[in-house]
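Enquirer: Enclosed is the structure file structure-v6.csv (CSV, C-alpha atoms and all ligand atoms).
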chain,number,residue,atom,x,y,z
A,103,MET,CA,-1.4,-3.4,33.9
A,104,ALA,CA,1.2,-5.8,32.6
A,105,LEU,CA,1.5,-6.7,29.0
A,106,THR,CA,0.1,-10.3,29.1
A,107,GLY,CA,-1.7,-12.4,26.5
A,108,ASN,CA,-5.0,-11.6,28.3
A,109,LEU,CA,-4.9,-8.1,27.1
A,110,ARG,CA,-7.2,-7.9,24.0
A,111,ILE,CA,-9.1,-5.4,21.9
A,112,ASN,CA,-12.9,-5.6,21.6
A,113,GLY,CA,-13.4,-7.5,18.3
A,114,ASP,CA,-17.2,-6.8,18.2
A,115,ARG,CA,-16.7,-3.1,18.6
A,116,LEU,CA,-14.0,-3.0,15.9
A,117,TRP,CA,-16.2,-5.0,13.5
A,118,ASP,CA,-19.2,-2.7,14.2
A,119,SER,CA,-17.0,0.4,13.4
A,120,LEU,CA,-15.8,-1.3,10.2
A,121,MET,CA,-19.4,-1.9,9.1
A,122,ASP,CA,-20.5,1.6,10.0
A,123,MET,CA,-17.7,3.1,8.0
A,124,ALA,CA,-18.6,0.9,5.1
A,125,LYS,CA,-22.0,2.5,4.9
A,126,ILE,CA,-20.3,5.7,3.6
A,127,GLY,CA,-19.6,5.5,-0.1
A,128,PRO,CA,-21.2,2.1,-0.7
A,129,GLY,CA,-20.2,0.2,-3.8
A,130,LEU,CA,-22.6,-1.5,-6.2
A,131,ARG,CA,-21.8,-5.1,-5.1
A,132,GLY,CA,-21.3,-4.8,-1.3
A,133,GLY,CA,-17.9,-3.1,-1.3
A,134,ASN,CA,-17.0,0.6,-1.2
A,135,ASN,CA,-16.4,3.5,-3.5
A,136,ARG,CA,-15.0,6.1,-1.2
A,137,GLN,CA,-12.3,7.6,-3.4
A,138,THR,CA,-10.0,10.2,-2.1
A,139,LEU,CA,-11.2,13.9,-1.8
A,140,THR,CA,-14.7,13.1,-2.8
A,141,ASP,CA,-17.8,14.0,-0.7
A,142,GLU,CA,-17.8,10.4,0.5
A,143,ASP,CA,-14.2,10.7,1.7
A,144,ALA,CA,-15.1,13.9,3.6
A,145,GLU,CA,-18.1,12.2,5.2
A,146,GLY,CA,-15.9,9.2,6.2
A,147,ARG,CA,-13.4,11.6,7.7
A,148,ARG,CA,-16.1,13.4,9.7
A,149,LEU,CA,-17.3,10.1,11.1
A,150,PHE,CA,-13.8,9.0,12.0
A,151,GLN,CA,-13.2,12.5,13.7
A,152,SER,CA,-16.4,12.1,15.8
A,153,TRP,CA,-15.3,8.7,17.0
A,154,CYS,CA,-11.8,9.9,17.8
A,155,GLU,CA,-13.0,12.9,19.7
A,156,LYS,CA,-15.4,10.7,21.6
A,157,ALA,CA,-12.4,8.7,22.6
A,158,GLY,CA,-10.7,11.8,24.0
A,159,LEU,CA,-8.2,12.4,21.2
A,160,THR,CA,-7.1,15.7,19.9
A,161,MET,CA,-6.9,16.3,16.1
A,162,GLY,CA,-4.2,17.8,13.9
A,163,VAL,CA,-4.6,18.0,10.1
A,164,ASP,CA,-1.7,18.9,7.9
A,165,THR,CA,-1.6,20.7,4.5
A,166,MET,CA,-2.0,17.4,2.7
A,167,GLY,CA,-5.1,16.5,4.6
A,168,ASN,CA,-3.5,13.8,6.7
A,169,MET,CA,-5.4,13.4,9.9
A,170,PHE,CA,-3.6,12.8,13.2
A,171,PHE,CA,-5.4,12.0,16.5
A,172,ARG,CA,-3.3,12.1,19.7
A,173,ARG,CA,-3.6,10.4,23.0
A,174,GLU,CA,-1.2,12.0,25.5
A,175,GLY,CA,1.6,10.0,27.2
A,176,THR,CA,3.0,10.5,30.7
A,177,ASP,CA,6.4,11.8,29.4
A,178,PRO,CA,6.0,15.3,27.8
A,179,ASP,CA,9.3,14.8,26.0
A,180,ALA,CA,8.6,11.4,24.5
A,181,LEU,CA,8.0,11.2,20.8
A,182,PRO,CA,4.6,9.6,19.8
A,183,VAL,CA,4.1,6.1,18.5
A,184,TYR,CA,1.9,6.3,15.4
A,185,VAL,CA,-0.6,3.8,14.1
A,186,GLY,CA,-2.8,4.0,11.1
A,187,SER,CA,-3.4,3.5,7.4
A,188,HIS,CA,-5.9,5.0,4.9
A,189,LEU,CA,-9.7,5.4,4.7
A,190,ASP,CA,-9.9,6.0,0.9
A,191,THR,CA,-10.8,3.1,-1.3
A,192,GLN,CA,-10.6,2.1,-4.9
A,193,PRO,CA,-13.7,2.9,-7.1
A,194,THR,CA,-14.7,-0.8,-6.7
A,195,GLY,CA,-12.9,-1.4,-3.5
A,196,GLY,CA,-13.4,-3.4,-0.3
A,197,LYS,CA,-14.4,-2.5,3.2
A,198,TYR,CA,-11.1,-3.5,4.8
A,199,ASP,CA,-8.1,-2.4,2.6
A,200,GLY,CA,-6.7,0.5,4.7
A,201,VAL,CA,-9.8,1.0,6.8
A,202,LEU,CA,-8.8,-1.9,9.1
A,203,GLY,CA,-5.5,-0.2,9.9
A,204,VAL,CA,-7.2,3.1,10.8
A,205,LEU,CA,-10.1,1.7,12.8
A,206,GLY,CA,-7.8,-0.9,14.4
A,207,GLY,CA,-5.8,2.0,15.6
A,208,LEU,CA,-8.9,3.6,17.0
A,209,GLU,CA,-10.0,0.4,18.7
A,210,LEU,CA,-6.6,0.1,20.3
A,211,ILE,CA,-7.2,3.6,21.8
A,212,ARG,CA,-10.7,2.7,23.0
A,213,THR,CA,-9.2,-0.4,24.7
A,214,LEU,CA,-6.6,1.6,26.5
A,215,ASN,CA,-9.3,4.0,27.7
A,216,ASP,CA,-11.5,1.1,28.9
A,217,LEU,CA,-8.7,-0.3,30.9
A,218,ASN,CA,-7.3,3.0,32.0
A,219,ILE,CA,-3.8,2.2,30.6
A,220,LYS,CA,-1.3,5.0,30.4
A,221,THR,CA,1.7,5.0,28.2
A,222,LYS,CA,5.0,6.9,28.4
A,223,HIS,CA,4.9,7.8,24.8
A,224,PRO,CA,1.8,9.5,23.3
A,225,ILE,CA,-0.1,7.4,20.7
A,226,VAL,CA,-1.3,9.0,17.5
A,227,VAL,CA,-3.8,7.4,15.1
A,228,VAL,CA,-3.3,8.6,11.5
A,229,ASN,CA,-5.4,8.5,8.3
A,230,TRP,CA,-3.2,9.2,5.3
A,231,THR,CA,-4.8,11.0,2.3
A,232,ASN,CA,-4.9,9.3,-1.1
A,233,GLU,CA,-3.2,6.0,-0.5
A,234,GLU,CA,-5.0,4.4,-3.4
A,235,GLY,CA,-3.8,6.8,-6.1
A,236,THR,CA,-6.7,5.8,-8.5
A,237,ARG,CA,-8.2,9.3,-8.7
A,238,PHE,CA,-4.9,11.2,-8.3
A,239,ALA,CA,-1.8,9.2,-9.3
A,240,PRO,CA,0.5,8.0,-7.8
A,241,ALA,CA,-0.5,5.8,-4.9
A,242,MET,CA,0.6,6.8,-1.3
A,243,LEU,CA,0.7,10.4,-2.4
A,244,ALA,CA,0.3,12.2,0.9
A,245,SER,CA,2.6,9.9,2.9
A,246,GLY,CA,5.1,10.3,0.1
A,247,VAL,CA,5.0,14.1,0.6
A,248,PHE,CA,5.2,13.6,4.4
A,249,ALA,CA,8.3,11.5,3.9
A,250,GLY,CA,9.9,14.0,1.4
A,251,ILE,CA,9.5,11.7,-1.7
A,252,HIS,CA,7.4,14.3,-3.5
A,253,THR,CA,7.0,18.0,-3.1
A,254,GLN,CA,3.7,19.4,-2.0
A,255,ASP,CA,3.4,21.6,-5.0
A,256,TRP,CA,3.7,18.7,-7.3
A,257,ALA,CA,1.1,16.8,-5.3
A,258,TYR,CA,-1.3,19.7,-5.4
A,259,GLY,CA,-1.0,19.8,-9.2
A,260,ARG,CA,-2.0,16.1,-9.8
A,261,GLU,CA,-5.1,16.0,-11.9
A,262,ASP,CA,-8.0,13.5,-11.9
A,263,ALA,CA,-9.6,12.2,-15.2
A,264,LYS,CA,-11.9,15.3,-15.2
A,265,GLY,CA,-9.0,17.7,-14.9
A,266,LYS,CA,-9.6,18.6,-11.2
A,267,THR,CA,-6.5,19.1,-9.2
A,268,PHE,CA,-5.6,17.4,-5.9
A,269,GLY,CA,-5.1,20.9,-4.3
A,270,ASP,CA,-8.4,22.3,-5.3
A,271,GLU,CA,-10.3,19.1,-4.3
A,272,LEU,CA,-8.6,19.0,-0.9
A,273,GLU,CA,-9.7,22.6,-0.3
A,274,ARG,CA,-13.2,21.9,-1.7
A,275,ILE,CA,-14.0,19.0,0.7
A,276,GLY,CA,-12.7,21.1,3.6
A,277,TRP,CA,-9.9,18.9,4.8
A,278,LYS,CA,-6.8,21.1,4.0
A,279,GLY,CA,-5.2,21.6,7.4
A,280,ASP,CA,-2.8,24.3,8.5
A,281,GLU,CA,-0.1,22.1,10.0
A,282,GLU,CA,3.0,21.9,7.8
A,283,VAL,CA,3.3,18.5,6.3
A,284,GLY,CA,6.3,16.3,7.3
A,285,THR,CA,7.2,18.2,10.4
A,286,ARG,CA,6.0,15.5,12.9
A,287,LYS,CA,8.7,13.4,14.5
A,288,MET,CA,7.8,9.8,15.3
A,289,HIS,CA,9.2,7.3,17.8
A,290,ALA,CA,7.8,4.5,15.6
A,291,LEU,CA,4.9,3.7,13.2
A,292,PHE,CA,2.9,0.5,12.9
A,293,GLU,CA,0.4,-0.2,10.1
A,294,LEU,CA,-2.1,-3.0,10.2
A,295,HIS,CA,-3.3,-4.1,6.8
A,296,ILE,CA,-5.0,-7.0,5.1
A,297,GLU,CA,-2.5,-9.2,3.2
A,298,GLN,CA,-3.9,-8.6,-0.3
A,299,GLY,CA,-2.4,-12.0,-1.2
A,300,PRO,CA,-3.2,-15.7,-0.5
A,301,ILE,CA,-0.3,-16.9,1.7
A,302,LEU,CA,-1.6,-16.5,5.2
A,303,GLU,CA,-5.0,-18.0,4.4
A,304,ILE,CA,-3.5,-21.0,2.5
A,305,GLU,CA,-1.1,-21.7,5.4
A,306,GLY,CA,-3.7,-21.1,8.1
A,307,LYS,CA,-1.7,-18.4,9.8
A,308,ASP,CA,-3.3,-15.7,11.9
A,309,ILE,CA,-0.7,-13.0,11.5
A,310,GLY,CA,1.9,-11.9,8.9
A,311,VAL,CA,5.0,-10.3,10.4
A,312,VAL,CA,6.0,-8.0,7.6
A,313,THR,CA,9.8,-7.8,7.3
A,314,HIS,CA,10.2,-6.2,3.8
A,315,GLY,CA,8.3,-4.5,1.1
A,316,GLN,CA,9.1,-5.4,-2.5
A,317,GLY,CA,11.1,-3.1,-4.7
A,318,LEU,CA,10.1,-2.6,-8.3
A,319,TRP,CA,11.4,-1.8,-11.7
A,320,TRP,CA,9.1,-0.9,-14.6
A,321,LEU,CA,10.9,-1.0,-17.9
A,322,GLN,CA,9.1,0.2,-21.0
A,323,VAL,CA,10.2,-1.7,-24.1
A,324,THR,CA,9.6,-0.5,-27.7
A,325,LEU,CA,10.2,-3.0,-30.5
A,326,THR,CA,10.2,-1.7,-34.0
A,327,GLY,CA,9.9,-3.9,-37.1
A,328,LYS,CA,7.9,-3.5,-40.3
A,329,ASP,CA,4.1,-3.7,-40.6
A,330,SER,CA,3.3,-5.7,-43.7
A,331,HIS,CA,0.7,-8.1,-45.0
A,332,THR,CA,0.3,-11.3,-43.0
A,333,GLY,CA,-0.6,-13.2,-46.2
A,334,SER,CA,1.9,-12.1,-48.8
A,335,THR,CA,5.0,-11.3,-46.8
A,336,PRO,CA,7.4,-14.4,-47.0
A,337,MET,CA,8.4,-15.7,-43.6
A,338,PRO,CA,12.1,-15.0,-44.1
A,339,MET,CA,11.4,-11.3,-44.9
A,340,ARG,CA,9.3,-10.6,-41.9
A,341,ARG,CA,10.3,-8.1,-39.1
A,342,ASN,CA,7.7,-9.1,-36.6
A,343,ALA,CA,7.7,-7.0,-33.5
A,344,GLY,CA,5.0,-9.2,-32.0
A,345,LEU,CA,7.3,-12.2,-32.2
A,346,GLY,CA,10.0,-10.2,-30.4
A,347,MET,CA,7.6,-9.4,-27.6
A,348,ALA,CA,6.6,-13.1,-27.3
A,349,ARG,CA,10.3,-14.1,-26.9
A,350,ILE,CA,10.9,-11.3,-24.4
A,351,THR,CA,7.8,-12.3,-22.4
A,352,GLU,CA,9.4,-15.8,-22.1
A,353,LEU,CA,12.7,-14.2,-21.1
A,354,VAL,CA,11.1,-12.1,-18.4
A,355,HIS,CA,9.5,-15.2,-17.0
A,356,SER,CA,12.7,-17.2,-17.0
A,357,ILE,CA,14.7,-14.4,-15.4
A,358,ALA,CA,12.2,-14.2,-12.5
A,359,MET,CA,12.1,-18.0,-12.2
A,360,ALA,CA,15.9,-18.0,-11.9
A,361,HIS,CA,15.7,-15.9,-8.8
A,362,GLN,CA,13.0,-17.8,-6.8
A,363,PRO,CA,11.6,-17.6,-4.2
A,364,SER,CA,12.0,-13.9,-3.8
A,365,ALA,CA,11.4,-12.4,-7.2
A,366,VAL,CA,8.5,-12.0,-9.7
A,367,GLY,CA,8.3,-10.7,-13.2
A,368,ALA,CA,5.7,-10.2,-15.9
A,369,ILE,CA,4.6,-8.1,-18.8
A,370,GLY,CA,1.2,-6.7,-17.8
A,371,HIS,CA,0.6,-4.1,-20.5
A,372,CYS,CA,1.2,-4.0,-24.2
A,373,ASP,CA,0.1,-2.0,-27.2
A,374,VAL,CA,0.4,-3.6,-30.6
A,375,TYR,CA,0.6,-1.5,-33.8
A,376,PRO,CA,-1.3,-1.3,-36.0
A,377,ASN,CA,-3.3,-4.1,-34.1
A,378,SER,CA,-5.0,-5.4,-37.2
A,379,ARG,CA,-5.9,-9.0,-38.0
A,380,ASN,CA,-4.0,-9.1,-41.2
A,381,VAL,CA,-1.0,-7.0,-40.5
A,382,ILE,CA,2.3,-8.2,-39.0
A,383,PRO,CA,2.9,-6.0,-36.0
A,384,GLY,CA,5.4,-3.3,-37.0
A,385,LYS,CA,5.7,-1.9,-33.5
A,386,VAL,CA,5.0,-3.2,-30.0
A,387,VAL,CA,5.3,-1.2,-26.8
A,388,PHE,CA,5.1,-3.1,-23.5
A,389,THR,CA,6.0,-2.8,-19.8
A,390,VAL,CA,8.1,-5.2,-17.9
A,391,ASP,CA,7.3,-5.4,-14.2
A,392,PHE,CA,10.1,-6.9,-12.0
A,393,ARG,CA,9.8,-7.0,-8.2
A,394,SER,CA,11.9,-8.3,-5.4
A,395,PRO,CA,12.6,-7.5,-1.7
A,396,ASN,CA,16.3,-7.7,-2.4
A,397,LEU,CA,17.9,-4.7,-4.2
A,398,ASP,CA,20.7,-6.8,-5.8
A,399,THR,CA,18.2,-9.3,-7.1
A,400,LEU,CA,16.0,-6.5,-8.5
A,401,ASN,CA,18.9,-4.8,-10.3
A,402,ALA,CA,20.3,-8.1,-11.5
A,403,MET,CA,16.9,-8.9,-13.2
A,404,LYS,CA,16.9,-5.5,-14.9
A,405,ASP,CA,20.5,-5.9,-16.0
A,406,GLU,CA,19.8,-9.3,-17.5
A,407,LEU,CA,16.8,-8.1,-19.4
A,408,GLU,CA,18.8,-5.1,-20.8
A,409,GLU,CA,21.6,-7.5,-21.9
A,410,LYS,CA,19.5,-10.2,-23.5
A,411,ALA,CA,16.4,-8.4,-24.9
A,412,PRO,CA,18.6,-6.6,-27.5
A,413,LEU,CA,20.0,-9.9,-28.7
A,414,ILE,CA,16.5,-11.2,-29.3
A,415,ALA,CA,15.6,-8.0,-31.2
A,416,LYS,CA,18.8,-8.2,-33.3
A,417,GLU,CA,18.1,-11.8,-34.3
A,418,LEU,CA,14.7,-10.8,-35.5
A,419,GLY,CA,15.8,-7.6,-37.3
A,420,LEU,CA,14.0,-5.4,-34.8
A,421,GLY,CA,14.9,-2.0,-33.3
A,422,ILE,CA,14.7,-1.9,-29.5
A,423,GLU,CA,14.5,0.8,-27.0
A,424,ILE,CA,14.3,0.2,-23.2
A,425,GLU,CA,13.3,3.0,-20.9
A,426,GLU,CA,13.0,3.2,-17.2
A,427,ALA,CA,9.3,3.8,-16.4
A,428,GLY,CA,9.2,3.4,-12.6
A,429,HIS,CA,11.2,2.3,-9.7
A,430,PHE,CA,10.9,1.8,-5.9
A,431,ASP,CA,13.7,0.5,-3.8
A,432,PRO,CA,12.9,-2.5,-1.7
A,433,VAL,CA,11.9,-1.7,1.9
A,434,THR,CA,13.5,-3.3,4.9
A,435,PHE,CA,11.3,-2.5,8.0
A,436,ASP,CA,12.9,-1.6,11.3
A,437,ALA,CA,14.3,-4.6,13.1
A,438,GLY,CA,13.1,-3.4,16.5
A,439,CYS,CA,9.5,-2.7,15.3
A,440,VAL,CA,9.4,-6.0,13.4
A,441,THR,CA,10.4,-7.8,16.6
A,442,ALA,CA,7.7,-6.0,18.6
A,443,VAL,CA,5.1,-7.3,16.1
A,444,ARG,CA,6.5,-10.9,16.3
A,445,ASN,CA,6.6,-10.7,20.2
A,446,ALA,CA,3.0,-9.5,20.2
A,447,ALA,CA,1.9,-12.5,18.1
A,448,GLU,CA,3.8,-14.9,20.3
A,449,ARG,CA,2.5,-13.4,23.5
A,450,LEU,CA,-1.1,-13.6,22.3
A,451,GLY,CA,-0.7,-17.1,21.0
A,452,TYR,CA,-1.4,-16.3,17.4
A,453,SER,CA,0.2,-18.4,14.7
A,454,HIS,CA,2.4,-16.2,12.5
A,455,ARG,CA,5.0,-16.2,9.7
A,456,ASN,CA,7.3,-13.6,8.2
A,457,ILE,CA,5.9,-12.1,5.1
A,458,ILE,CA,6.9,-9.7,2.4
A,459,SER,CA,4.5,-7.0,1.3
A,460,GLY,CA,3.9,-7.3,-2.5
A,461,ALA,CA,1.9,-4.1,-2.6
A,462,GLY,CA,2.9,-0.6,-1.7
A,463,HIS,CA,1.7,0.9,1.6
A,464,ASP,CA,2.0,4.3,3.4
A,465,ALA,CA,4.3,2.5,5.9
A,466,CYS,CA,6.8,1.9,3.1
A,467,TRP,CA,7.3,5.7,2.7
A,468,VAL,CA,7.2,6.5,6.4
A,469,ASN,CA,9.9,3.9,6.9
A,470,ARG,CA,12.3,6.4,5.3
A,471,VAL,CA,11.8,8.9,8.1
A,472,ALA,CA,10.8,6.8,11.2
A,473,PRO,CA,11.2,3.2,12.5
A,474,THR,CA,8.3,1.3,11.0
A,475,ALA,CA,6.7,-2.1,10.7
A,476,MET,CA,3.5,-3.7,9.5
A,477,VAL,CA,1.1,-6.3,10.7
A,478,MET,CA,-0.9,-8.3,8.2
A,479,CYS,CA,-4.0,-10.4,8.6
A,480,PRO,CA,-5.4,-12.9,6.0
A,481,CYS,CA,-8.0,-12.0,3.5
A,482,VAL,CA,-10.3,-14.5,1.6
A,483,ASP,CA,-8.7,-15.8,-1.6
A,484,GLY,CA,-6.1,-13.1,-1.3
A,485,LEU,CA,-8.6,-10.8,-3.0
A,486,SER,CA,-8.4,-7.0,-2.7
A,487,HIS,CA,-9.1,-3.9,-4.9
A,488,ASN,CA,-12.4,-5.7,-5.4
A,489,GLU,CA,-15.8,-5.3,-3.9
A,490,ASP,CA,-15.7,-9.0,-2.9
A,491,GLU,CA,-12.7,-8.4,-0.6
A,492,ASP,CA,-13.5,-10.2,2.6
A,493,ILE,CA,-12.0,-11.0,6.0
A,494,SER,CA,-13.5,-12.6,9.2
A,495,LYS,CA,-14.2,-10.8,12.4
A,496,GLU,CA,-11.6,-13.1,14.1
A,497,TRP,CA,-8.9,-12.2,11.6
A,498,ALA,CA,-9.6,-8.5,12.1
A,499,ALA,CA,-9.5,-8.9,15.9
A,500,ALA,CA,-6.3,-10.9,15.9
A,501,GLY,CA,-4.6,-8.2,13.7
A,502,ALA,CA,-5.7,-5.4,16.0
A,503,ASP,CA,-4.7,-7.4,19.1
A,504,VAL,CA,-1.2,-7.7,17.7
A,505,LEU,CA,-1.2,-4.0,16.8
A,506,LEU,CA,-2.2,-3.2,20.4
A,507,HIS,CA,0.6,-5.3,21.9
A,508,ALA,CA,3.3,-4.0,19.4
A,509,VAL,CA,2.3,-0.4,20.2
A,510,LEU,CA,2.2,-1.0,23.9
A,511,GLU,CA,5.6,-2.6,23.9
A,512,THR,CA,7.0,0.4,22.0
A,513,ALA,CA,5.1,3.1,23.8
A,514,GLU,CA,5.8,1.6,27.3
A,515,ILE,CA,3.0,1.0,29.7
A,516,GLN,CA,3.2,3.2,32.9
A,517,THR,CA,1.9,1.8,36.1
A,601,ZN,ZN,-4.3,-0.2,1.4
Please rewrite the model in this file as structure tokens.
Ligand SMILES: [Zn+2]
Expert:
Amino acid sequence: MALTGNLRINGDRLWDSLMDMAKIGPGLRGGNNRQTLTDEDAEGRRLFQSWCEKAGLTMGVDTMGNMFFRREGTDPDALPVYVGSHLDTQPTGGKYDGVLGVLGGLELIRTLNDLNIKTKHPIVVVNWTNEEGTRFAPAMLASGVFAGIHTQDWAYGREDAKGKTFGDELERIGWKGDEEVGTRKMHALFELHIEQGPILEIEGKDIGVVTHGQGLWWLQVTLTGKDSHTGSTPMPMRRNAGLGMARITELVHSIAMAHQPSAVGAIGHCDVYPNSRNVIPGKVVFTVDFRSPNLDTLNAMKDELEEKAPLIAKELGLGIEIEEAGHFDPVTFDAGCVTAVRNAAERLGYSHRNIISGAGHDACWVNRVAPTAMVMCPCVDGLSHNEDEDISKEWAAAGADVLLHAVLETAEIQT
């Protein structure tokens, strides 16, 4: 079997599997609540396991609960090509975020079985534990341990809002495997995911060829002034921390605008003290969020804020403290894997464009330890982490077709 544009997955079968998985942990408004390490997560895992075993795959589960299903290759020495994403959802999540990447991987295997296609490299479909990070922060926890970003002990100790730990809950739902996490070697990894942004839909493109993931800086700023009466404090005597935040909000926006088109910046969180109608804010604590796929740009934005925000504070008689509250380096996906994704879209006749992932994904961590790339398909109105998240059957099929071709080009068809 040659790798031609006629080779396609079964879009109806993929869609049926997506709908069957969505029955587990249904949300209140048509989406899903299948949070990590809940009974619903366990049930979803069992369904996925039954499908994979029916497709002739053999399962491995590591000590973080990551599930790996392997289809053998013809070369016993060849490292596997991995495909996958995550089956866990937000508490008010959609049916496709993550799930499409896992079940798209399974559909790819089913297609190879139907057509009796053999590959030199084995192919492994993976479901990463706790990508969402809502119940146990941070996001991409288990792929992070796999890639050596976090230690397993630290991950096991993460607590949910009720004080239950990740380690205990993993044990409780019965999905703590015995394989040591992070020991698997990969030839490559491909992750199919919905865009979670509006660009592909607006531009009418079938496929996003993901070249980069955004890096991020979170800076927590504390401005200290003097809380005093809004009515009786003369204007020249005020030390208004709220005014300082307003000016720094404007500064953040202008810094990001100066680095277009590949930078964004905003203040998404603030606490105002004492937060009373008739008191001038004496203290404001807020978080600046800067993102860019370019490390120099990202750091330049941070530097500019650290240089100019204190000048604003000084002018208003405010104290200022800026602390680093979070950071990810930008991700540059593997050139060879990215090319395989682009070639796949071309071969299949799908319209495509390069795209940068604005959100974090398991592939971003795995990229540290293996050649990695991502495929994106559009989603309606760019909406995700919402029960109204929606895609079309055709978009899902196109994404899985591209995944199939990128994997086959990398795993090498044997005739
Ligand atoms: Zn996701």
Enquirer: Counting all atoms listed in the file, what is within 6 Å of stretch 470-487 of chain A, bar same-chain residues fewer than 2 positions away, as a PyMOL selection string?
Expert: chain A and resi 195+288+290-300+302-303+309-312+435-436+439-440+467-468+491-493+501
Enquirer: Could you list the protein, DNA and RNA residues that have any atom within 12 Å of ligand ZN 601 (chain A), counting all atoms listed in the file, and write them as a PDB file with C-alpha atoms, in the frame of the given file?
Expert:
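New file selection_32.pdb:
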ATOM      1  CA  GLY A 186      -2.800   4.000  11.100  1.00  0.00           C
ATOM      2  CA  SER A 187      -3.400   3.500   7.400  1.00  0.00           C
ATOM      3  CA  HIS A 188      -5.900   5.000   4.900  1.00  0.00           C
ATOM      4  CA  LEU A 189      -9.700   5.400   4.700  1.00  0.00           C
ATOM      5  CA  ASP A 190      -9.900   6.000   0.900  1.00  0.00           C
ATOM      6  CA  THR A 191     -10.800   3.100  -1.300  1.00  0.00           C
ATOM      7  CA  GLN A 192     -10.600   2.100  -4.900  1.00  0.00           C
ATOM      8  CA  GLY A 195     -12.900  -1.400  -3.500  1.00  0.00           C
ATOM      9  CA  GLY A 196     -13.400  -3.400  -0.300  1.00  0.00           C
ATOM     10  CA  LYS A 197     -14.400  -2.500   3.200  1.00  0.00           C
ATOM     11  CA  TYR A 198     -11.100  -3.500   4.800  1.00  0.00           C
ATOM     12  CA  ASP A 199      -8.100  -2.400   2.600  1.00  0.00           C
ATOM     13  CA  GLY A 200      -6.700   0.500   4.700  1.00  0.00           C
ATOM     14  CA  VAL A 201      -9.800   1.000   6.800  1.00  0.00           C
ATOM     15  CA  LEU A 202      -8.800  -1.900   9.100  1.00  0.00           C
ATOM     16  CA  GLY A 203      -5.500  -0.200   9.900  1.00  0.00           C
ATOM     17  CA  VAL A 204      -7.200   3.100  10.800  1.00  0.00           C
ATOM     18  CA  ASN A 229      -5.400   8.500   8.300  1.00  0.00           C
ATOM     19  CA  TRP A 230      -3.200   9.200   5.300  1.00  0.00           C
ATOM     20  CA  THR A 231      -4.800  11.000   2.300  1.00  0.00           C
ATOM     21  CA  ASN A 232      -4.900   9.300  -1.100  1.00  0.00           C
ATOM     22  CA  GLU A 233      -3.200   6.000  -0.500  1.00  0.00           C
ATOM     23  CA  GLU A 234      -5.000   4.400  -3.400  1.00  0.00           C
ATOM     24  CA  GLY A 235      -3.800   6.800  -6.100  1.00  0.00           C
ATOM     25  CA  THR A 236      -6.700   5.800  -8.500  1.00  0.00           C
ATOM     26  CA  ALA A 241      -0.500   5.800  -4.900  1.00  0.00           C
ATOM     27  CA  MET A 242       0.600   6.800  -1.300  1.00  0.00           C
ATOM     28  CA  GLU A 293       0.400  -0.200  10.100  1.00  0.00           C
ATOM     29  CA  LEU A 294      -2.100  -3.000  10.200  1.00  0.00           C
ATOM     30  CA  HIS A 295      -3.300  -4.100   6.800  1.00  0.00           C
ATOM     31  CA  ILE A 296      -5.000  -7.000   5.100  1.00  0.00           C
ATOM     32  CA  GLU A 297      -2.500  -9.200   3.200  1.00  0.00           C
ATOM     33  CA  GLN A 298      -3.900  -8.600  -0.300  1.00  0.00           C
ATOM     34  CA  SER A 459       4.500  -7.000   1.300  1.00  0.00           C
ATOM     35  CA  GLY A 460       3.900  -7.300  -2.500  1.00  0.00           C
ATOM     36  CA  ALA A 461       1.900  -4.100  -2.600  1.00  0.00           C
ATOM     37  CA  GLY A 462       2.900  -0.600  -1.700  1.00  0.00           C
ATOM     38  CA  HIS A 463       1.700   0.900   1.600  1.00  0.00           C
ATOM     39  CA  ASP A 464       2.000   4.300   3.400  1.00  0.00           C
ATOM     40  CA  ALA A 465       4.300   2.500   5.900  1.00  0.00           C
ATOM     41  CA  CYS A 466       6.800   1.900   3.100  1.00  0.00           C
ATOM     42  CA  MET A 476       3.500  -3.700   9.500  1.00  0.00           C
ATOM     43  CA  MET A 478      -0.900  -8.300   8.200  1.00  0.00           C
ATOM     44  CA  SER A 486      -8.400  -7.000  -2.700  1.00  0.00           C
ATOM     45  CA  HIS A 487      -9.100  -3.900  -4.900  1.00  0.00           C
ATOM     46  CA  ASN A 488     -12.400  -5.700  -5.400  1.00  0.00           C
ATOM     47  CA  GLU A 491     -12.700  -8.400  -0.600  1.00  0.00           C
TER      48      GLU A 491
END
Enquirer: Have a look at A:Asp262, A:Glu352, A:Glu409, A:Asp391 and name the one nearest to A:Glu426; count all atoms listed in the file.
Expert: A:Asp391
Enquirer: So that I can see what lies close to A:Thr253, please list as a PyMOL selection string the residues with an atom at most 12 Å from it, counting all atoms listed in the file and leaving out residues fewer than 4 positions away in the same chain.
Expert: chain A and resi 165-166+243-249+257-260+283-284
Enquirer: How far is it from atom CA of A:Leu345 to atom CA of A:Glu408, in Å with one decimal?
Expert: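 For atom CA of A:Leu345 relative to atom CA of A:Glu408, the distance reads 17.7 Å.
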Enquirer: Which residues are near A:Glu511? Cut-off 10 Å, all atoms listed in the file, ignore same chain within fewer than 5 positions. Put them as a PyMOL selection string.
Expert: chain A and resi 105+221+439+442-443+445-446+505-506
Enquirer: What's the separation between atom CA of A:Cys154 and atom CA of A:Ala499, in Å to one decimal place?
Expert: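 Straight-line distance from atom CA of A:Cys154 to atom CA of A:Ala499 works out to 19.0 Å.
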